[in-house]
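**Student:** Attaching a single structure in C-alpha cells format; questions to follow.
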Amino acid sequence: MTVKTTVQPTARLIEVFSAIQGEGLNVGTRQIFIRFAFCDLRCHFCDSAYTWNAPTTCRVERSPGLRDFEIHLNPVPLPILMQWVERQNLPSLHDSISLTGGEPLLHAAFLKEFLPQVRSLTDLPIYLESGGHRFEQLSMVLPYLDSVGMDLKLPSVSGETLWAEHTKFLQLCWDAHLEVFVKIIIAENTNPDDLQRSGDLVAGVSPDIPVFLQPVTPLPASEQLNETPVLAPAPEKVLMWQALMKQFVAQVRVIPQTHKMLNQL
Ligand code: SF4
C-alpha cells in the first residue's frame, strides 16, 4: 500500500507589515508588504543585505501600521501566511500587496500556490518587486501578477551585469500586458554608456514602458558593502541623465526613496 503524503508549501520570510510604498509607479500607495528572504545578487548599494540569507525567525505586524511585531519561526507554511495577510487586510485600507525582498522569485514554487489563494482571499492587486534577472521563475507566476517593478542593474553602479536576463524578463512582462516599469539606481559613478544601453534595452521592448531613475541613498559607513562608497549623483548629472534617457523612452521620472524620507520601513 502506498501512503500519500502532502508536502505543505513553505516560504522563508523576513517580515510582513503594512506601509506606504516609497518607490516607482506605486509611490505613495498603501501596501501589505511581504518581504522574502534570499537574494542571489550582490548589488553594491543594497540596503537590504540582511535579506541575503534566511534568518531562523521572521517578524509579523499584528495590526496594520502599528509596528507591533510578533516573532515567528521560519519557514512559514502557506496557510499561516494567509492568516497574517487576512489580519492585515482591513476594509479599504490597502491598494495592493507588494512581494519584495531579497528576490521574491527565488520562492516561485511557493508563489505559484500562494498567489491565486491570496488573490481570492483579499481581491487586492499583486505587485512584484524584482531584480529582473530570474525570467524562468517569472514565467511560473506571471498569470497571477498585476504589476511588476523591474530593477535594471547598471554594471557601473551595482556591480552586476545582466543585460540579456533583463531583456527577457522585461519582454515577458510586456507580452503578458502587465503594468510594468523599470527602476534604475543612479550614483555619482554611473557610466552614461550603461544608461544609453539601458535606454536602448527598454525601448527595444517598448518606448512606452516608464523608467524611474532613483538617485542612490548612500549607506551609512557601518553598512557599506564595498571599500568605495556608492555616492549620490550631483544634481547636474541627474538632469543630464534624465535628458539622455528621454531620447529612448517617453516617460523618465526621477524619484528618490521617499519611504526613507517618511521614516517608513
Ligand atoms: S537585488 Fe535587491 S536585495 Fe538583491 S542585492 Fe540587489 S538591491 Fe539587494
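We label chains A, B, ... in the order they appear in the C-alpha cells, count residues from 1 in each chain, and number ligands from 1 in the order shown.
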Using only C-alpha atoms and all ligand atoms, I'd like a table of the residues in chain A that come within 12 Å of ligand 1; for each, show the closest atom pair and its distance in Å rounded to one decimal, ordered by chain and ascending number, as a tab-separated table.
**Tutor:**
residue	atom	partner	partner_atom_place_in_ligand_line	distance
A:Ile14	CA	ligand 1	3 (S)	11.8
A:Arg35	CA	ligand 1	3 (S)	10.1
A:Phe36	CA	ligand 1	3 (S)	9.6
A:Ala37	CA	ligand 1	3 (S)	8.9
A:Phe38	CA	ligand 1	3 (S)	7.8
A:Cys39	CA	ligand 1	4 (Fe)	4.7
A:Asp40	CA	ligand 1	4 (Fe)	6.4
A:Leu41	CA	ligand 1	5 (S)	4.5
A:Arg42	CA	ligand 1	5 (S)	3.9
A:Cys43	CA	ligand 1	6 (Fe)	4.2
A:His44	CA	ligand 1	5 (S)	7.4
A:Phe45	CA	ligand 1	7 (S)	6.4
A:Cys46	CA	ligand 1	7 (S)	4.0
A:Asp47	CA	ligand 1	8 (Fe)	6.2
A:Ser48	CA	ligand 1	8 (Fe)	5.3
A:Ala49	CA	ligand 1	8 (Fe)	5.7
A:Tyr50	CA	ligand 1	3 (S)	8.5
A:Thr51	CA	ligand 1	3 (S)	6.6
A:Trp52	CA	ligand 1	3 (S)	6.8
A:Asn53	CA	ligand 1	3 (S)	10.4
A:Thr100	CA	ligand 1	3 (S)	8.6
A:Gly101	CA	ligand 1	3 (S)	5.7
A:Gly102	CA	ligand 1	3 (S)	3.9
A:Glu103	CA	ligand 1	4 (Fe)	6.0
A:Pro104	CA	ligand 1	3 (S)	9.3
A:Leu105	CA	ligand 1	1 (S)	10.8
A:Leu106	CA	ligand 1	4 (Fe)	10.9
A:Glu129	CA	ligand 1	2 (Fe)	8.8
A:Ser130	CA	ligand 1	1 (S)	6.9
A:Gly131	CA	ligand 1	1 (S)	4.5
A:Gly132	CA	ligand 1	1 (S)	8.2
A:His133	CA	ligand 1	1 (S)	9.0
A:Arg134	CA	ligand 1	1 (S)	10.7
A:Gly149	CA	ligand 1	2 (Fe)	11.7
A:Met150	CA	ligand 1	1 (S)	10.0
A:Asp151	CA	ligand 1	1 (S)	7.6
A:Leu152	CA	ligand 1	1 (S)	9.6
A:Lys153	CA	ligand 1	6 (Fe)	8.2
A:Leu154	CA	ligand 1	6 (Fe)	11.0
A:Pro155	CA	ligand 1	6 (Fe)	11.7
A:Val157	CA	ligand 1	6 (Fe)	10.8
A:Ser158	CA	ligand 1	6 (Fe)	7.4
A:Gly159	CA	ligand 1	6 (Fe)	9.5
A:Glu160	CA	ligand 1	6 (Fe)	8.6
A:Thr161	CA	ligand 1	6 (Fe)	11.6
A:Leu162	CA	ligand 1	1 (S)	11.4
A:Lys183	CA	ligand 1	7 (S)	11.3
A:Ile184	CA	ligand 1	7 (S)	10.9
A:Ile185	CA	ligand 1	7 (S)	9.4
A:Val216	CA	ligand 1	7 (S)	10.8
A:Thr217	CA	ligand 1	7 (S)	11.6
A:Leu219	CA	ligand 1	7 (S)	11.9
A:Leu225	CA	ligand 1	5 (S)	10.3
**Student:** Could you save those same residues with N, CA and C atoms as a short mmCIF file (atom, residue, chain, number, x, y, z; two decimals), in the first residue's frame?
**Tutor:**
data_model
loop_
_atom_site.label_atom_id
_atom_site.label_comp_id
_atom_site.auth_asym_id
_atom_site.auth_seq_id
_atom_site.Cartn_x
_atom_site.Cartn_y
_atom_site.Cartn_z
N ILE A 14 11.27 37.44 5.79
CA ILE A 14 11.92 38.40 6.67
C ILE A 14 10.85 39.10 7.52
N ARG A 35 8.02 40.56 2.70
CA ARG A 35 9.43 40.59 2.34
C ARG A 35 10.02 39.18 2.47
N PHE A 36 10.46 38.65 1.33
CA PHE A 36 11.00 37.29 1.28
C PHE A 36 12.51 37.30 1.55
N ALA A 37 12.99 36.20 2.10
CA ALA A 37 14.43 36.04 2.35
C ALA A 37 15.12 35.56 1.07
N PHE A 38 16.40 35.70 1.04
CA PHE A 38 17.34 35.26 -0.01
C PHE A 38 17.44 36.25 -1.16
N CYS A 39 18.65 36.48 -1.59
CA CYS A 39 18.89 37.16 -2.86
C CYS A 39 20.16 36.56 -3.45
N ASP A 40 20.15 36.39 -4.76
CA ASP A 40 21.32 35.80 -5.42
C ASP A 40 22.17 36.88 -6.09
N LEU A 41 21.79 38.15 -5.94
CA LEU A 41 22.64 39.24 -6.44
C LEU A 41 23.38 39.88 -5.25
N ARG A 42 24.33 40.72 -5.58
CA ARG A 42 25.11 41.39 -4.53
C ARG A 42 25.36 42.84 -4.95
N CYS A 43 24.28 43.61 -5.10
CA CYS A 43 24.42 44.99 -5.57
C CYS A 43 25.21 45.82 -4.55
N HIS A 44 26.09 46.65 -5.06
CA HIS A 44 26.95 47.44 -4.16
C HIS A 44 26.16 48.39 -3.26
N PHE A 45 24.96 48.81 -3.73
CA PHE A 45 24.18 49.80 -2.99
C PHE A 45 23.10 49.16 -2.11
N CYS A 46 23.09 47.83 -2.02
CA CYS A 46 21.97 47.12 -1.38
C CYS A 46 21.69 47.64 0.03
N ASP A 47 20.42 48.04 0.26
CA ASP A 47 20.04 48.50 1.60
C ASP A 47 19.30 47.39 2.35
N SER A 48 19.26 46.19 1.76
CA SER A 48 18.59 45.07 2.42
C SER A 48 19.48 43.84 2.46
N ALA A 49 20.75 44.07 2.74
CA ALA A 49 21.70 42.93 2.77
C ALA A 49 21.29 41.91 3.84
N TYR A 50 20.48 42.34 4.80
CA TYR A 50 20.00 41.39 5.83
C TYR A 50 19.06 40.34 5.25
N THR A 51 18.62 40.53 4.00
CA THR A 51 17.72 39.54 3.38
C THR A 51 18.49 38.46 2.64
N TRP A 52 19.79 38.61 2.47
CA TRP A 52 20.55 37.70 1.62
C TRP A 52 20.50 36.26 2.12
N ASN A 53 20.43 36.10 3.43
CA ASN A 53 20.32 34.76 3.99
C ASN A 53 19.00 34.67 4.76
N THR A 100 8.25 41.56 -2.03
CA THR A 100 9.54 42.20 -2.09
C THR A 100 10.58 41.33 -1.41
N GLY A 101 11.83 41.85 -1.34
CA GLY A 101 12.86 41.00 -0.75
C GLY A 101 14.09 41.80 -0.40
N GLY A 102 15.20 41.11 -0.58
CA GLY A 102 15.56 39.89 -1.27
C GLY A 102 15.00 39.81 -2.70
N GLU A 103 15.01 38.59 -3.18
CA GLU A 103 14.47 38.34 -4.51
C GLU A 103 13.27 37.38 -4.36
N PRO A 104 12.04 37.92 -4.46
CA PRO A 104 10.86 37.06 -4.24
C PRO A 104 10.79 35.89 -5.21
N LEU A 105 11.35 36.05 -6.40
CA LEU A 105 11.20 34.96 -7.40
C LEU A 105 12.02 33.72 -7.03
N LEU A 106 12.89 33.83 -6.03
CA LEU A 106 13.56 32.61 -5.55
C LEU A 106 12.56 31.71 -4.81
N GLU A 129 8.22 43.23 -6.87
CA GLU A 129 9.48 43.97 -7.00
C GLU A 129 10.57 42.94 -7.21
N SER A 130 11.33 43.09 -8.30
CA SER A 130 12.31 42.05 -8.59
C SER A 130 13.59 42.64 -9.16
N GLY A 131 14.68 41.90 -8.96
CA GLY A 131 15.96 42.27 -9.56
C GLY A 131 15.95 42.13 -11.08
N GLY A 132 14.90 41.52 -11.61
CA GLY A 132 14.70 41.49 -13.07
C GLY A 132 15.63 40.55 -13.82
N HIS A 133 16.08 39.49 -13.16
CA HIS A 133 17.00 38.57 -13.84
C HIS A 133 16.49 37.15 -13.90
N ARG A 134 15.51 36.79 -13.04
CA ARG A 134 15.05 35.41 -12.96
C ARG A 134 13.82 35.22 -13.84
N GLY A 149 7.67 45.88 -10.87
CA GLY A 149 8.73 46.88 -10.89
C GLY A 149 10.03 46.13 -11.11
N MET A 150 10.62 46.31 -12.27
CA MET A 150 11.84 45.57 -12.60
C MET A 150 13.06 46.45 -12.40
N ASP A 151 13.98 46.00 -11.58
CA ASP A 151 15.26 46.72 -11.45
C ASP A 151 16.09 46.45 -12.69
N LEU A 152 16.70 47.49 -13.20
CA LEU A 152 17.68 47.30 -14.26
C LEU A 152 19.03 47.70 -13.66
N LYS A 153 19.89 46.71 -13.51
CA LYS A 153 21.13 46.92 -12.77
C LYS A 153 22.23 47.45 -13.70
N LEU A 154 22.69 48.65 -13.42
CA LEU A 154 23.81 49.19 -14.21
C LEU A 154 25.12 48.59 -13.68
N PRO A 155 25.93 47.99 -14.55
CA PRO A 155 27.19 47.42 -14.07
C PRO A 155 28.05 48.43 -13.31
N VAL A 157 27.21 50.80 -11.40
CA VAL A 157 26.69 51.19 -10.09
C VAL A 157 26.46 49.97 -9.19
N SER A 158 25.91 48.90 -9.77
CA SER A 158 25.53 47.75 -8.94
C SER A 158 26.63 46.70 -8.85
N GLY A 159 27.50 46.65 -9.87
CA GLY A 159 28.50 45.58 -9.93
C GLY A 159 27.96 44.33 -10.59
N GLU A 160 26.66 44.32 -10.99
CA GLU A 160 26.04 43.17 -11.65
C GLU A 160 25.87 43.48 -13.14
N THR A 161 26.07 42.48 -13.99
CA THR A 161 25.88 42.66 -15.44
C THR A 161 24.86 41.65 -15.94
N LEU A 162 23.65 42.14 -16.27
CA LEU A 162 22.52 41.23 -16.51
C LEU A 162 21.72 41.64 -17.75
N LYS A 183 13.12 50.36 -12.88
CA LYS A 183 13.77 51.23 -11.90
C LYS A 183 15.29 51.10 -12.05
N ILE A 184 15.96 52.24 -12.17
CA ILE A 184 17.41 52.22 -12.34
C ILE A 184 18.05 53.07 -11.24
N ILE A 185 18.90 52.46 -10.45
CA ILE A 185 19.62 53.22 -9.41
C ILE A 185 20.81 53.94 -10.07
N VAL A 216 20.76 57.08 -5.74
CA VAL A 216 21.03 56.16 -4.64
C VAL A 216 20.94 56.86 -3.29
N THR A 217 20.44 56.14 -2.29
CA THR A 217 20.51 56.63 -0.91
C THR A 217 21.80 56.08 -0.34
N LEU A 219 24.60 54.51 1.82
CA LEU A 219 24.51 53.69 3.04
C LEU A 219 25.35 54.30 4.14
N LEU A 225 29.04 48.09 1.73
CA LEU A 225 29.40 46.74 1.30
C LEU A 225 30.72 46.72 0.54
#
**Student:** Show me a table, sorted first by chain and then by increasing residue number, of the residues of range 197-241 of chain A having an atom at most 10 Å from range 248-264 of chain A, each with its shortest atom pair and the distance in Å to one decimal, counting only C-alpha atoms and written as a Markdown table.
**Tutor:**
| residue | atom | partner | partner_atom | distance |
| --- | --- | --- | --- | --- |
| A:Arg197 | CA | A:Phe248 | CA | 9.8 |
| A:Ser198 | CA | A:Phe248 | CA | 9.1 |
| A:Gly199 | CA | A:Phe248 | CA | 5.3 |
| A:Asp200 | CA | A:Phe248 | CA | 6.3 |
| A:Leu201 | CA | A:Phe248 | CA | 9.1 |
| A:Val202 | CA | A:Val249 | CA | 7.4 |
| A:Ala203 | CA | A:Phe248 | CA | 5.9 |
| A:Gly204 | CA | A:Phe248 | CA | 9.1 |
| A:Ser206 | CA | A:Val249 | CA | 7.9 |
| A:Pro207 | CA | A:Val249 | CA | 4.4 |
| A:Asp208 | CA | A:Ala250 | CA | 5.9 |
| A:Ile209 | CA | A:Val249 | CA | 7.1 |
| A:Pro210 | CA | A:Gln251 | CA | 4.9 |
| A:Val211 | CA | A:Val252 | CA | 4.8 |
| A:Phe212 | CA | A:Arg253 | CA | 4.9 |
| A:Leu213 | CA | A:Val254 | CA | 4.7 |
| A:Gln214 | CA | A:Pro256 | CA | 5.0 |
| A:Pro215 | CA | A:Pro256 | CA | 5.5 |
| A:Val216 | CA | A:Pro256 | CA | 7.2 |
| A:Thr217 | CA | A:Gln257 | CA | 7.2 |
| A:Val238 | CA | A:Val254 | CA | 8.0 |
| A:Leu239 | CA | A:Val254 | CA | 9.0 |
| A:Trp241 | CA | A:Val252 | CA | 9.7 |
**Student:** Can I get the selected residues back with N, CA and C atoms, as a PDB file, in the first residue's frame?
**Tutor:**
ATOM      1  N   ARG A 197      22.753  52.113 -22.930  1.00  0.00           N
ATOM      2  CA  ARG A 197      22.413  50.722 -23.238  1.00  0.00           C
ATOM      3  C   ARG A 197      21.077  50.330 -22.594  1.00  0.00           C
ATOM      4  N   SER A 198      20.813  50.871 -21.391  1.00  0.00           N
ATOM      5  CA  SER A 198      19.535  50.595 -20.716  1.00  0.00           C
ATOM      6  C   SER A 198      18.375  51.193 -21.495  1.00  0.00           C
ATOM      7  N   GLY A 199      18.563  52.442 -21.953  1.00  0.00           N
ATOM      8  CA  GLY A 199      17.514  53.099 -22.733  1.00  0.00           C
ATOM      9  C   GLY A 199      17.194  52.291 -23.976  1.00  0.00           C
ATOM     10  N   ASP A 200      18.230  51.818 -24.610  1.00  0.00           N
ATOM     11  CA  ASP A 200      18.081  51.024 -25.823  1.00  0.00           C
ATOM     12  C   ASP A 200      17.352  49.716 -25.522  1.00  0.00           C
ATOM     13  N   LEU A 201      17.714  49.116 -24.394  1.00  0.00           N
ATOM     14  CA  LEU A 201      17.092  47.838 -23.990  1.00  0.00           C
ATOM     15  C   LEU A 201      15.583  48.023 -23.763  1.00  0.00           C
ATOM     16  N   VAL A 202      15.242  49.060 -22.983  1.00  0.00           N
ATOM     17  CA  VAL A 202      13.822  49.279 -22.651  1.00  0.00           C
ATOM     18  C   VAL A 202      13.047  49.629 -23.929  1.00  0.00           C
ATOM     19  N   ALA A 203      13.596  50.542 -24.731  1.00  0.00           N
ATOM     20  CA  ALA A 203      12.899  50.957 -25.962  1.00  0.00           C
ATOM     21  C   ALA A 203      12.748  49.778 -26.920  1.00  0.00           C
ATOM     22  N   GLY A 204      13.682  48.837 -26.877  1.00  0.00           N
ATOM     23  CA  GLY A 204      13.598  47.654 -27.736  1.00  0.00           C
ATOM     24  C   GLY A 204      12.384  46.802 -27.387  1.00  0.00           C
ATOM     25  N   SER A 206       9.578  48.244 -25.445  1.00  0.00           N
ATOM     26  CA  SER A 206       8.592  49.278 -25.787  1.00  0.00           C
ATOM     27  C   SER A 206       9.016  50.633 -25.233  1.00  0.00           C
ATOM     28  N   PRO A 207       8.998  51.684 -26.058  1.00  0.00           N
ATOM     29  CA  PRO A 207       9.342  53.021 -25.549  1.00  0.00           C
ATOM     30  C   PRO A 207       8.267  53.573 -24.619  1.00  0.00           C
ATOM     31  N   ASP A 208       7.147  52.840 -24.470  1.00  0.00           N
ATOM     32  CA  ASP A 208       6.085  53.297 -23.567  1.00  0.00           C
ATOM     33  C   ASP A 208       6.263  52.795 -22.136  1.00  0.00           C
ATOM     34  N   ILE A 209       7.268  51.982 -21.892  1.00  0.00           N
ATOM     35  CA  ILE A 209       7.488  51.496 -20.516  1.00  0.00           C
ATOM     36  C   ILE A 209       8.115  52.632 -19.698  1.00  0.00           C
ATOM     37  N   PRO A 210       7.459  53.032 -18.581  1.00  0.00           N
ATOM     38  CA  PRO A 210       8.028  54.118 -17.776  1.00  0.00           C
ATOM     39  C   PRO A 210       9.336  53.701 -17.110  1.00  0.00           C
ATOM     40  N   VAL A 211      10.275  54.644 -17.073  1.00  0.00           N
ATOM     41  CA  VAL A 211      11.565  54.415 -16.412  1.00  0.00           C
ATOM     42  C   VAL A 211      11.679  55.366 -15.229  1.00  0.00           C
ATOM     43  N   PHE A 212      12.071  54.831 -14.088  1.00  0.00           N
ATOM     44  CA  PHE A 212      12.307  55.642 -12.888  1.00  0.00           C
ATOM     45  C   PHE A 212      13.790  55.635 -12.584  1.00  0.00           C
ATOM     46  N   LEU A 213      14.394  56.819 -12.639  1.00  0.00           N
ATOM     47  CA  LEU A 213      15.789  56.951 -12.218  1.00  0.00           C
ATOM     48  C   LEU A 213      15.764  57.253 -10.724  1.00  0.00           C
ATOM     49  N   GLN A 214      16.412  56.409  -9.958  1.00  0.00           N
ATOM     50  CA  GLN A 214      16.375  56.575  -8.499  1.00  0.00           C
ATOM     51  C   GLN A 214      17.777  56.901  -7.978  1.00  0.00           C
ATOM     52  N   PRO A 215      18.037  58.185  -7.651  1.00  0.00           N
ATOM     53  CA  PRO A 215      19.346  58.519  -7.080  1.00  0.00           C
ATOM     54  C   PRO A 215      19.583  57.673  -5.825  1.00  0.00           C
ATOM     55  N   VAL A 216      20.756  57.084  -5.741  1.00  0.00           N
ATOM     56  CA  VAL A 216      21.032  56.156  -4.645  1.00  0.00           C
ATOM     57  C   VAL A 216      20.942  56.862  -3.294  1.00  0.00           C
ATOM     58  N   THR A 217      20.436  56.144  -2.289  1.00  0.00           N
ATOM     59  CA  THR A 217      20.511  56.635  -0.914  1.00  0.00           C
ATOM     60  C   THR A 217      21.805  56.076  -0.343  1.00  0.00           C
ATOM     61  N   VAL A 238      22.121  64.318 -12.671  1.00  0.00           N
ATOM     62  CA  VAL A 238      20.771  63.746 -12.703  1.00  0.00           C
ATOM     63  C   VAL A 238      19.990  64.343 -13.875  1.00  0.00           C
ATOM     64  N   LEU A 239      20.102  65.661 -14.028  1.00  0.00           N
ATOM     65  CA  LEU A 239      19.393  66.334 -15.137  1.00  0.00           C
ATOM     66  C   LEU A 239      19.900  65.836 -16.489  1.00  0.00           C
ATOM     67  N   TRP A 241      21.315  62.960 -17.171  1.00  0.00           N
ATOM     68  CA  TRP A 241      20.984  61.554 -17.414  1.00  0.00           C
ATOM     69  C   TRP A 241      19.493  61.371 -17.700  1.00  0.00           C
TER      70      TRP A 241
END
**Student:** Excluding same-chain residues fewer than 4 positions from Arg67 in chain A, what lies within 12 Å of it counting only C-alpha atoms, as an NGL selection string?
**Tutor:** :A and (15-19 or 59-63 or 71 or 88 or 264-265)
**Student:** Enumerate, as a PyMOL selection string, the complete set of residues in range 26-259 of chain A that a backbone-based DSSP assignment places in alpha helix (DSSP H).
**Tutor:** chain A and resi 78-88+108-122+135-141+155-158+163-175+192-205+235-245+258-259
**Student:** Please provide as a VMD selection string all residues within 9 Å of Met82 in chain A, with the sequence filter that same-chain residues fewer than 3 positions apart are discarded (counting only C-alpha atoms).
**Tutor:** chain A and resid 77 to 79 85 to 87 114 117 to 118 121
**Student:** Counting only C-alpha atoms, figure out which residue out of A:Leu73, A:Ala109, A:Leu172, A:Ile97 gets nearest to Asp146 in chain A.
**Tutor:**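 Between A:Leu73, A:Ala109, A:Leu172, A:Ile97, the residue approaching Asp146 in chain A most closely is A:Ile97.
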**Student:** With only C-alpha atoms as the atoms that count, which of A:Ala221, A:Ala164, A:Ala243, A:Ile80 lies nearest to Leu195 in chain A?
**Tutor:**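 Result for the nearest residue to Leu195 in chain A: A:Ala243.
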**Student:** What does the distance between CA of Asn26 in chain A and CA of Leu124 in chain A come to in Å, to one decimal place?
**Tutor:** 13.8 Å
**Student:** Of the candidates A:Val205, A:Leu115, A:Leu244, A:Leu142, which shows the shortest atom-to-atom distance to Asn191 in chain A, using only C-alpha atoms?
**Tutor:**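 For Asn191 in chain A, the nearest of the candidates is A:Leu244.
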**Student:** Based on DSSP run over this structure's backbone, return all residues of range 79-250 of chain A in strand (DSSP E or B), as a ChimeraX atom specification.
**Tutor:** /A:96-100,126-130,147-151,179-186,211-215
**Student:** Could you check which of A:Pro125, A:Pro91, A:Pro229, A:Pro75 is closest to Leu145 in chain A, using only C-alpha atoms?
**Tutor:**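 Looking at the shortest contact to Leu145 in chain A, the residue is A:Pro125.
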